[in-house]
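Step one of this worksheet: look at the structure below.
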Amino acid sequence: MAKHKRLGEILLAEGMITLEQLKDGIACQTEEGGRLGDVLIKLEYVKEEQIVIALSKQLSIPYVTLMSGKLKPDPEHSLEEFIPYEFAVRNLVLPLSRNLNSFSVAIFDPLDLILIDNLRKLSGCEINPILATKSDILGAIENFYGKEKIFKEAIEAAYGEGIEDIKDISEETELSLDKLIAKAEEAPVIKLVDLIIHQAIEGDASDIHIEPQREKMYLRYRIDGVLYEVPPPSKSLHLPIISRIKILARMDIAEKRLPQDGSFMVKISNRLVDLRVSTIPTIYGEKAVIRVLDKSRVPLDLLKLGFLPSELTQIKKGINYSYGLVFLTGPTGSGKSTTLYAVLSELNALSKNIITIEEPVEYRLDRISQVQVKTDIGLTFSNVLRSFLRQDPDIILVGEVRDLETAEICVRSALTGHLVLSTLHTNDAIGAIIRLVDMGIPNYLVASALRLIVTQRLVRRLCPVCKQPYELKKGEIPENIKIGTQVIYKPKGCEQCKYVGFKGRTLITEVMLVDEELRELIYNKAAPKDILLIAKKKGVLTLLESGIKRVEEGITSLEEIMSVVVY
């Protein structure tokens, strides 16, 4: 019979510990008891992952990680019936698959013979152990018993009796309004919608997507700018769920042929969260998107948004002019509105009269008069702006400049003693100048009015707990990308970041303060490349250069920057 190497011998042979550390571990084990692996982890000589790898080699048992995707139970077998959630968490085990008389189970401690015997009794099969770390097993348990089963438990465990009625009803091609309201107000549907919203808020999602297809319904959350699919409820619940959301948002639940917008608020842990609902008709039914606006989790503070110190200095100088135009530019979802609100918070004072016109008003701020656009009754950006000038404003915020009329009023306001803040959909700072001229604003007015242009993008932050260093190799990156360090960081994935490798987002920016020299170039209709060349000489960083700074500081990865910036 083959003799297994001792754990200490393997760790030593693999260079994971030194001989002195092994001796320390054995001495500590002799004095305090316990297993050598646990003792070495306690002494911080090795990591948990190294012990599991060594055990894998010692016992010839396969080792898997959560990132590999192999810690995912077979969905075709009801494995949770063999190993209940409480047993799995208590003993750090996860059922993976069952084949005839063999039951594969992820386990942290394969030498726990009592546990192996209990698993054999629970499943009625021979146990085939697969090794994994404690953190990976706990993460996989949460995914399998928690997220994967949340809707099933919500319906079957709490309201099992009522689902058949909903299935029967939802199969009808048309419903009477009374019946639709009745089904939307039934306990299972209320519970489901509550769970969908609560899970999104607790998971820091910015948007919830509920999308019907021919045979199923998709449920996706946008977290840190990326859409993630979560296990959806049955397609039969689509109509009652959409109806419930529309009732909450005070929308017309009988109207399914036209797009609609609405909103409502929920209270989570003593904080109010604003939810904006949009529905559109698709060939398989209505799709709903819910925007989650959680003010408590959005830092409306310029210092906390991620600007570099030099960029912050330029921004503060630009927004403290008594009059002029300040533009934030970038595509949808680049954080322009959040930065605008942070600027407003910076400028907000009793001595200032601040008025905003937005579509929609995303965050409510004290001491600021906020107006929401309502085009159906003629309350448009241009109409309200004319009235604003009779309200003795110091600072005016315009949600977005979309047309010549709005642009003209903004420029006129900026030149008559008001600080005007707004947004444009352009790719870079120079693009804002070009867009205003293309709209029909003369160059001399653009030059006179502009004070500051901030272009921005959102990129994901590397998880500070698990990010890992990586040494760049020669020729690995394009020649036009210059990085001032050989060691950068890459994502790995851990329990803290839900095994994504990223947690939260930060800004990369292009901040252009329009001084006399730049103003003269704009006035004389200089080419965009010439304006950019002078701006760069003054220290303006392009989006790519700003992103590289974040890479060098270990804030984000190079791949993340290259995925959002055209270089």
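Residue numbers start at 1 in each chain; chains themselves are named A, B, ... in the order of the structure tokens; ligands are numbered from 1 in the order shown.
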With a distance cut-off of 10 Å and only C-alpha atoms, select the neighbouring residues of A:Ser546, excluding the residue or stretch itself and same-chain residues fewer than 4 positions from it, and output the selection as an mmCIF file with all heavy atoms, in the first residue's frame.
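What landed in selection_32.cif:
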```
data_model
loop_
_atom_site.group_PDB
_atom_site.id
_atom_site.type_symbol
_atom_site.label_atom_id
_atom_site.label_comp_id
_atom_site.auth_asym_id
_atom_site.auth_seq_id
_atom_site.Cartn_x
_atom_site.Cartn_y
_atom_site.Cartn_z
ATOM 1 N N PHE A 307 -11.272 61.747 -7.815
ATOM 2 C CA PHE A 307 -10.442 62.666 -8.584
ATOM 3 C C PHE A 307 -9.022 62.689 -8.028
ATOM 4 O O PHE A 307 -8.814 62.573 -6.816
ATOM 5 C CB PHE A 307 -11.019 64.086 -8.531
ATOM 6 C CG PHE A 307 -12.299 64.274 -9.288
ATOM 7 C CD1 PHE A 307 -13.502 64.430 -8.622
ATOM 8 C CD2 PHE A 307 -12.300 64.301 -10.676
ATOM 9 C CE1 PHE A 307 -14.688 64.606 -9.312
ATOM 10 C CE2 PHE A 307 -13.483 64.475 -11.379
ATOM 11 C CZ PHE A 307 -14.677 64.621 -10.697
ATOM 12 N N LEU A 308 -8.042 62.858 -8.919
ATOM 13 C CA LEU A 308 -6.667 63.066 -8.486
ATOM 14 C C LEU A 308 -6.568 64.458 -7.843
ATOM 15 O O LEU A 308 -7.340 65.360 -8.189
ATOM 16 C CB LEU A 308 -5.711 62.978 -9.674
ATOM 17 C CG LEU A 308 -5.639 61.626 -10.407
ATOM 18 C CD1 LEU A 308 -4.770 61.753 -11.650
ATOM 19 C CD2 LEU A 308 -5.109 60.541 -9.488
ATOM 20 N N GLU A 311 -6.488 67.257 -10.311
ATOM 21 C CA GLU A 311 -7.785 67.431 -10.986
ATOM 22 C C GLU A 311 -8.763 68.151 -10.071
ATOM 23 O O GLU A 311 -9.526 69.019 -10.510
ATOM 24 C CB GLU A 311 -8.337 66.068 -11.398
ATOM 25 C CG GLU A 311 -7.498 65.339 -12.431
ATOM 26 C CD GLU A 311 -7.913 63.891 -12.643
ATOM 27 O OE1 GLU A 311 -8.586 63.321 -11.754
ATOM 28 O OE2 GLU A 311 -7.548 63.324 -13.690
ATOM 29 N N GLN A 456 -15.559 62.332 -18.055
ATOM 30 C CA GLN A 456 -15.288 61.242 -17.121
ATOM 31 C C GLN A 456 -15.844 59.901 -17.589
ATOM 32 O O GLN A 456 -16.727 59.830 -18.439
ATOM 33 C CB GLN A 456 -15.848 61.583 -15.744
ATOM 34 C CG GLN A 456 -17.360 61.712 -15.669
ATOM 35 C CD GLN A 456 -17.829 62.114 -14.269
ATOM 36 O OE1 GLN A 456 -17.411 63.122 -13.717
ATOM 37 N NE2 GLN A 456 -18.696 61.299 -13.693
ATOM 38 N N LEU A 507 -13.445 57.064 -10.681
ATOM 39 C CA LEU A 507 -13.452 57.860 -11.906
ATOM 40 C C LEU A 507 -12.102 57.875 -12.597
ATOM 41 O O LEU A 507 -11.054 57.816 -11.947
ATOM 42 C CB LEU A 507 -13.815 59.311 -11.576
ATOM 43 C CG LEU A 507 -15.243 59.622 -11.136
ATOM 44 C CD1 LEU A 507 -15.325 61.078 -10.699
ATOM 45 C CD2 LEU A 507 -16.228 59.358 -12.257
ATOM 46 N N ILE A 508 -12.124 57.951 -13.918
ATOM 47 C CA ILE A 508 -10.979 58.442 -14.673
ATOM 48 C C ILE A 508 -11.499 59.671 -15.412
ATOM 49 O O ILE A 508 -12.636 59.678 -15.895
ATOM 50 C CB ILE A 508 -10.385 57.393 -15.641
ATOM 51 C CG1 ILE A 508 -11.430 56.905 -16.658
ATOM 52 C CG2 ILE A 508 -9.814 56.223 -14.870
ATOM 53 C CD1 ILE A 508 -10.830 56.046 -17.758
ATOM 54 N N THR A 509 -10.687 60.715 -15.459
ATOM 55 C CA THR A 509 -11.221 62.001 -15.904
ATOM 56 C C THR A 509 -10.266 62.773 -16.804
ATOM 57 O O THR A 509 -9.063 62.512 -16.847
ATOM 58 C CB THR A 509 -11.547 62.895 -14.683
ATOM 59 O OG1 THR A 509 -10.389 62.965 -13.859
ATOM 60 C CG2 THR A 509 -12.694 62.338 -13.878
ATOM 61 N N GLU A 510 -10.845 63.725 -17.510
ATOM 62 C CA GLU A 510 -10.104 64.692 -18.324
ATOM 63 C C GLU A 510 -10.632 66.056 -17.898
ATOM 64 O O GLU A 510 -11.791 66.392 -18.172
ATOM 65 C CB GLU A 510 -10.400 64.415 -19.804
ATOM 66 C CG GLU A 510 -9.506 65.141 -20.786
ATOM 67 C CD GLU A 510 -9.780 64.671 -22.208
ATOM 68 O OE1 GLU A 510 -9.583 63.476 -22.467
ATOM 69 O OE2 GLU A 510 -10.216 65.488 -23.039
ATOM 70 N N VAL A 511 -9.829 66.817 -17.169
ATOM 71 C CA VAL A 511 -10.281 68.089 -16.586
ATOM 72 C C VAL A 511 -9.594 69.248 -17.299
ATOM 73 O O VAL A 511 -8.368 69.396 -17.229
ATOM 74 C CB VAL A 511 -9.978 68.142 -15.072
ATOM 75 C CG1 VAL A 511 -10.441 69.477 -14.492
ATOM 76 C CG2 VAL A 511 -10.652 66.983 -14.351
ATOM 77 N N VAL A 540 -3.121 69.029 -18.557
ATOM 78 C CA VAL A 540 -4.372 68.262 -18.691
ATOM 79 C C VAL A 540 -4.046 66.824 -19.085
ATOM 80 O O VAL A 540 -3.313 66.582 -20.050
ATOM 81 C CB VAL A 540 -5.301 68.910 -19.744
ATOM 82 C CG1 VAL A 540 -6.522 68.025 -19.996
ATOM 83 C CG2 VAL A 540 -5.738 70.294 -19.282
ATOM 84 N N LEU A 541 -4.588 65.875 -18.344
ATOM 85 C CA LEU A 541 -4.412 64.455 -18.654
ATOM 86 C C LEU A 541 -5.563 63.972 -19.517
ATOM 87 O O LEU A 541 -6.720 64.323 -19.266
ATOM 88 C CB LEU A 541 -4.376 63.620 -17.374
ATOM 89 C CG LEU A 541 -3.247 63.886 -16.378
ATOM 90 C CD1 LEU A 541 -3.450 63.027 -15.123
ATOM 91 C CD2 LEU A 541 -1.893 63.586 -16.992
ATOM 92 N N THR A 542 -5.260 63.193 -20.550
ATOM 93 C CA THR A 542 -6.344 62.564 -21.313
ATOM 94 C C THR A 542 -6.952 61.454 -20.467
ATOM 95 O O THR A 542 -6.394 61.076 -19.413
ATOM 96 C CB THR A 542 -5.816 61.964 -22.621
ATOM 97 O OG1 THR A 542 -4.893 60.913 -22.305
ATOM 98 C CG2 THR A 542 -5.127 63.019 -23.475
ATOM 99 N N ARG A 550 -4.275 55.574 -12.348
ATOM 100 C CA ARG A 550 -4.990 54.688 -11.413
ATOM 101 C C ARG A 550 -4.415 53.280 -11.448
ATOM 102 O O ARG A 550 -4.408 52.578 -10.437
ATOM 103 C CB ARG A 550 -6.474 54.642 -11.757
ATOM 104 C CG ARG A 550 -7.350 55.705 -11.094
ATOM 105 C CD ARG A 550 -7.152 57.046 -11.706
ATOM 106 N NE ARG A 550 -8.122 58.038 -11.203
ATOM 107 C CZ ARG A 550 -8.195 59.274 -11.643
ATOM 108 N NH1 ARG A 550 -7.362 59.698 -12.578
ATOM 109 N NH2 ARG A 550 -9.077 60.124 -11.148
ATOM 110 N N VAL A 551 -3.933 52.849 -12.619
ATOM 111 C CA VAL A 551 -3.298 51.528 -12.734
ATOM 112 C C VAL A 551 -2.001 51.517 -11.934
ATOM 113 O O VAL A 551 -1.712 50.583 -11.188
ATOM 114 C CB VAL A 551 -3.040 51.158 -14.206
ATOM 115 C CG1 VAL A 551 -2.210 49.886 -14.311
ATOM 116 C CG2 VAL A 551 -4.361 50.984 -14.948
ATOM 117 N N ILE A 561 -9.123 49.656 -17.759
ATOM 118 C CA ILE A 561 -8.940 50.957 -18.414
ATOM 119 C C ILE A 561 -9.075 50.809 -19.927
ATOM 120 O O ILE A 561 -9.768 51.588 -20.586
ATOM 121 C CB ILE A 561 -7.556 51.558 -18.066
ATOM 122 C CG1 ILE A 561 -7.461 51.859 -16.565
ATOM 123 C CG2 ILE A 561 -7.283 52.807 -18.890
ATOM 124 C CD1 ILE A 561 -8.462 52.858 -16.061
#
```
From the DSSP assignment of the backbone, select every residue of stretch 310-339 of chain A that is strand (DSSP E), and format the answer as a ChimeraX atom specification. /A:324-329
Go ahead and save the picked residues with all heavy atoms, as a PDB file, in the first residue's frame.
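Below you can see selection.pdb, which holds the result:
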```pdb
ATOM      1  N   GLY A 324     -20.309  81.832 -15.702  1.00  0.00           N
ATOM      2  CA  GLY A 324     -19.701  81.032 -16.759  1.00  0.00           C
ATOM      3  C   GLY A 324     -20.351  79.672 -16.885  1.00  0.00           C
ATOM      4  O   GLY A 324     -21.263  79.317 -16.129  1.00  0.00           O
ATOM      5  N   LEU A 325     -19.868  78.915 -17.875  1.00  0.00           N
ATOM      6  CA  LEU A 325     -20.421  77.588 -18.166  1.00  0.00           C
ATOM      7  C   LEU A 325     -19.477  76.501 -17.681  1.00  0.00           C
ATOM      8  O   LEU A 325     -18.276  76.527 -17.970  1.00  0.00           O
ATOM      9  CB  LEU A 325     -20.591  77.426 -19.678  1.00  0.00           C
ATOM     10  CG  LEU A 325     -21.956  77.683 -20.309  1.00  0.00           C
ATOM     11  CD1 LEU A 325     -21.868  77.490 -21.821  1.00  0.00           C
ATOM     12  CD2 LEU A 325     -23.011  76.742 -19.744  1.00  0.00           C
ATOM     13  N   VAL A 326     -20.022  75.537 -16.963  1.00  0.00           N
ATOM     14  CA  VAL A 326     -19.276  74.348 -16.529  1.00  0.00           C
ATOM     15  C   VAL A 326     -19.979  73.132 -17.113  1.00  0.00           C
ATOM     16  O   VAL A 326     -21.174  72.922 -16.860  1.00  0.00           O
ATOM     17  CB  VAL A 326     -19.216  74.241 -14.991  1.00  0.00           C
ATOM     18  CG1 VAL A 326     -18.583  72.916 -14.575  1.00  0.00           C
ATOM     19  CG2 VAL A 326     -18.446  75.407 -14.407  1.00  0.00           C
ATOM     20  N   PHE A 327     -19.259  72.339 -17.905  1.00  0.00           N
ATOM     21  CA  PHE A 327     -19.865  71.162 -18.539  1.00  0.00           C
ATOM     22  C   PHE A 327     -19.225  69.883 -18.024  1.00  0.00           C
ATOM     23  O   PHE A 327     -17.997  69.793 -17.894  1.00  0.00           O
ATOM     24  CB  PHE A 327     -19.697  71.209 -20.059  1.00  0.00           C
ATOM     25  CG  PHE A 327     -20.792  71.962 -20.755  1.00  0.00           C
ATOM     26  CD1 PHE A 327     -20.516  73.154 -21.415  1.00  0.00           C
ATOM     27  CD2 PHE A 327     -22.094  71.495 -20.753  1.00  0.00           C
ATOM     28  CE1 PHE A 327     -21.512  73.857 -22.065  1.00  0.00           C
ATOM     29  CE2 PHE A 327     -23.106  72.192 -21.393  1.00  0.00           C
ATOM     30  CZ  PHE A 327     -22.814  73.378 -22.050  1.00  0.00           C
ATOM     31  N   LEU A 328     -20.063  68.900 -17.750  1.00  0.00           N
ATOM     32  CA  LEU A 328     -19.612  67.534 -17.511  1.00  0.00           C
ATOM     33  C   LEU A 328     -20.010  66.714 -18.717  1.00  0.00           C
ATOM     34  O   LEU A 328     -21.174  66.770 -19.153  1.00  0.00           O
ATOM     35  CB  LEU A 328     -20.252  66.943 -16.243  1.00  0.00           C
ATOM     36  CG  LEU A 328     -19.424  67.151 -14.976  1.00  0.00           C
ATOM     37  CD1 LEU A 328     -19.652  68.552 -14.455  1.00  0.00           C
ATOM     38  CD2 LEU A 328     -19.787  66.152 -13.923  1.00  0.00           C
ATOM     39  N   THR A 329     -19.065  65.962 -19.277  1.00  0.00           N
ATOM     40  CA  THR A 329     -19.356  65.204 -20.485  1.00  0.00           C
ATOM     41  C   THR A 329     -19.006  63.734 -20.307  1.00  0.00           C
ATOM     42  O   THR A 329     -18.193  63.367 -19.461  1.00  0.00           O
ATOM     43  CB  THR A 329     -18.586  65.760 -21.700  1.00  0.00           C
ATOM     44  OG1 THR A 329     -17.223  65.337 -21.623  1.00  0.00           O
ATOM     45  CG2 THR A 329     -18.639  67.268 -21.752  1.00  0.00           C
TER      46      THR A 329
END
```
Which of stretch 53-124 of chain A fall in alpha helix (DSSP H), as a PyMOL selection string: chain A and resi 53-59+85-91+113-123
Export of prior selection with N, CA, C and O atoms as a compact mmCIF listing (two decimals), in the first residue's frame:
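selection14.txt, freshly written:
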```
# COMPACT_ATOMS: atom_id res chain seq x y z
N ILE A 53 -3.93 22.88 -0.95
CA ILE A 53 -3.16 22.36 -2.09
C ILE A 53 -2.24 21.23 -1.64
O ILE A 53 -2.10 20.19 -2.31
N ALA A 54 -1.61 21.43 -0.47
CA ALA A 54 -0.72 20.39 0.06
C ALA A 54 -1.50 19.12 0.42
O ALA A 54 -1.04 18.00 0.15
N LEU A 55 -2.67 19.29 1.02
CA LEU A 55 -3.52 18.13 1.34
C LEU A 55 -3.93 17.40 0.07
O LEU A 55 -4.00 16.16 0.05
N SER A 56 -4.21 18.17 -0.98
CA SER A 56 -4.59 17.57 -2.25
C SER A 56 -3.48 16.66 -2.78
O SER A 56 -3.74 15.54 -3.25
N LYS A 57 -2.25 17.12 -2.67
CA LYS A 57 -1.11 16.32 -3.12
C LYS A 57 -0.85 15.14 -2.18
O LYS A 57 -0.51 14.04 -2.61
N GLN A 58 -1.04 15.38 -0.89
CA GLN A 58 -0.79 14.33 0.10
C GLN A 58 -1.75 13.16 -0.06
O GLN A 58 -1.36 12.00 0.00
N LEU A 59 -3.02 13.49 -0.29
CA LEU A 59 -4.06 12.46 -0.32
C LEU A 59 -4.53 12.10 -1.72
O LEU A 59 -5.43 11.27 -1.89
N TYR A 85 -29.06 22.99 4.24
CA TYR A 85 -28.25 24.20 4.34
C TYR A 85 -27.51 24.28 5.68
O TYR A 85 -26.31 24.57 5.72
N GLU A 86 -28.22 24.06 6.78
CA GLU A 86 -27.61 24.19 8.11
C GLU A 86 -26.44 23.22 8.27
O GLU A 86 -25.39 23.57 8.82
N PHE A 87 -26.61 21.97 7.78
CA PHE A 87 -25.54 20.97 7.88
C PHE A 87 -24.34 21.41 7.02
O PHE A 87 -23.19 21.28 7.44
N ALA A 88 -24.62 21.95 5.83
CA ALA A 88 -23.55 22.37 4.93
C ALA A 88 -22.70 23.48 5.54
O ALA A 88 -21.47 23.43 5.50
N VAL A 89 -23.36 24.49 6.14
CA VAL A 89 -22.64 25.61 6.74
C VAL A 89 -21.87 25.17 7.97
O VAL A 89 -20.71 25.53 8.17
N ARG A 90 -22.51 24.35 8.79
CA ARG A 90 -21.89 23.92 10.05
C ARG A 90 -20.65 23.07 9.80
O ARG A 90 -19.66 23.16 10.53
N ASN A 91 -20.69 22.26 8.75
CA ASN A 91 -19.59 21.31 8.50
C ASN A 91 -18.70 21.68 7.31
O ASN A 91 -17.78 20.93 6.98
N LEU A 113 -13.16 11.83 9.61
CA LEU A 113 -13.82 10.57 9.27
C LEU A 113 -15.26 10.52 9.76
O LEU A 113 -16.12 9.90 9.14
N ILE A 114 -15.54 11.18 10.88
CA ILE A 114 -16.91 11.21 11.40
C ILE A 114 -17.82 11.97 10.42
O ILE A 114 -18.95 11.53 10.14
N LEU A 115 -17.32 13.08 9.89
CA LEU A 115 -18.09 13.85 8.92
C LEU A 115 -18.33 13.03 7.65
O LEU A 115 -19.45 13.01 7.11
N ILE A 116 -17.30 12.36 7.16
CA ILE A 116 -17.44 11.52 5.97
C ILE A 116 -18.51 10.45 6.20
O ILE A 116 -19.35 10.18 5.33
N ASP A 117 -18.50 9.85 7.41
CA ASP A 117 -19.49 8.83 7.73
C ASP A 117 -20.90 9.40 7.77
O ASP A 117 -21.86 8.78 7.29
N ASN A 118 -21.04 10.61 8.34
CA ASN A 118 -22.36 11.26 8.39
C ASN A 118 -22.87 11.59 6.98
O ASN A 118 -24.06 11.45 6.69
N LEU A 119 -21.96 12.00 6.13
CA LEU A 119 -22.34 12.29 4.74
C LEU A 119 -22.80 11.02 4.03
O LEU A 119 -23.75 11.03 3.24
N ARG A 120 -22.12 9.91 4.34
CA ARG A 120 -22.49 8.62 3.75
C ARG A 120 -23.90 8.23 4.17
O ARG A 120 -24.71 7.74 3.37
N LYS A 121 -24.22 8.47 5.45
CA LYS A 121 -25.56 8.12 5.95
C LYS A 121 -26.63 9.04 5.37
O LYS A 121 -27.74 8.60 5.03
N LEU A 122 -26.31 10.34 5.24
CA LEU A 122 -27.28 11.29 4.70
C LEU A 122 -27.63 11.00 3.24
O LEU A 122 -28.79 11.10 2.84
N SER A 123 -26.63 10.65 2.48
CA SER A 123 -26.83 10.48 1.03
C SER A 123 -27.12 9.04 0.62
O SER A 123 -27.68 8.80 -0.45
```
Could you pull the residues within 12 Å of A:Arg214, counting only C-alpha atoms, minus those fewer than 6 positions along the same chain, as a list in words? Lys235, Ser236, His238, Thr282, Ile283, Tyr284 and Gly285 of chain A
Include N, CA, C and O atoms and write out the residues we just selected as a tab-separated table (two decimals), in the first residue's frame.
```tsv
chain	number	residue	atom	x	y	z
A	235	LYS	N	-41.66	32.09	-15.46
A	235	LYS	CA	-42.25	32.99	-16.47
A	235	LYS	C	-43.73	33.25	-16.17
A	235	LYS	O	-44.26	34.31	-16.49
A	236	SER	N	-44.38	32.29	-15.53
A	236	SER	CA	-45.81	32.44	-15.23
A	236	SER	C	-46.07	33.60	-14.25
A	236	SER	O	-47.19	34.08	-14.14
A	238	HIS	N	-44.49	36.53	-14.47
A	238	HIS	CA	-44.06	37.79	-15.07
A	238	HIS	C	-45.14	38.87	-15.00
A	238	HIS	O	-44.89	39.99	-14.53
A	282	THR	N	-42.50	44.74	-25.26
A	282	THR	CA	-41.71	43.91	-26.17
A	282	THR	C	-42.62	42.84	-26.75
A	282	THR	O	-43.77	42.69	-26.34
A	283	ILE	N	-42.12	42.05	-27.69
A	283	ILE	CA	-42.96	41.04	-28.35
A	283	ILE	C	-43.38	39.94	-27.38
A	283	ILE	O	-44.33	39.20	-27.65
A	284	TYR	N	-42.67	39.81	-26.24
A	284	TYR	CA	-43.02	38.77	-25.27
A	284	TYR	C	-43.64	39.34	-24.00
A	284	TYR	O	-43.80	38.63	-23.02
A	285	GLY	N	-43.98	40.62	-24.02
A	285	GLY	CA	-44.56	41.24	-22.83
A	285	GLY	C	-43.74	42.45	-22.41
A	285	GLY	O	-42.75	42.82	-23.05
```
Atomic distance atom CA of A:Ile430 - atom CA of A:Ile315, expressed in Å with one decimal: 16.4 Å
For A:Glu202, please output as a PyMOL selection string all residues within 12 Å (counting only C-alpha atoms; exclusion window: fewer than 3 positions along the same chain). chain A and resi 195-199+205-206+221+223+268-269+273+292+294+297
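Among the candidate residues A:Gly440, A:Pro73, A:Gly15, A:Gly262, the one lying nearest to A:Asp403 is A:Gly440, with distances computed using only C-alpha atoms.
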With only C-alpha atoms as the atoms that count, which of A:Arg271, A:Lys536, A:Lys498, A:Arg244 lies nearest to A:Cys466? A:Lys498
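Nearest residue to A:Leu452, choosing from A:Ala429, A:Leu71, A:Leu302, A:Leu404 and counting only C-alpha atoms: A:Ala429.
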May I have the residues within 6 Å of stretch 484-488 of chain A as a list in words, using only C-alpha atoms and disregarding those fewer than 3 positions away in the same chain? Pro469, Tyr470, Glu471 and Leu472 of chain A
Shell around A:Pro442 at 10 Å using only C-alpha atoms, local window under 5 positions removed, as a ChimeraX atom specification: /A:408,436-437,447,523,525
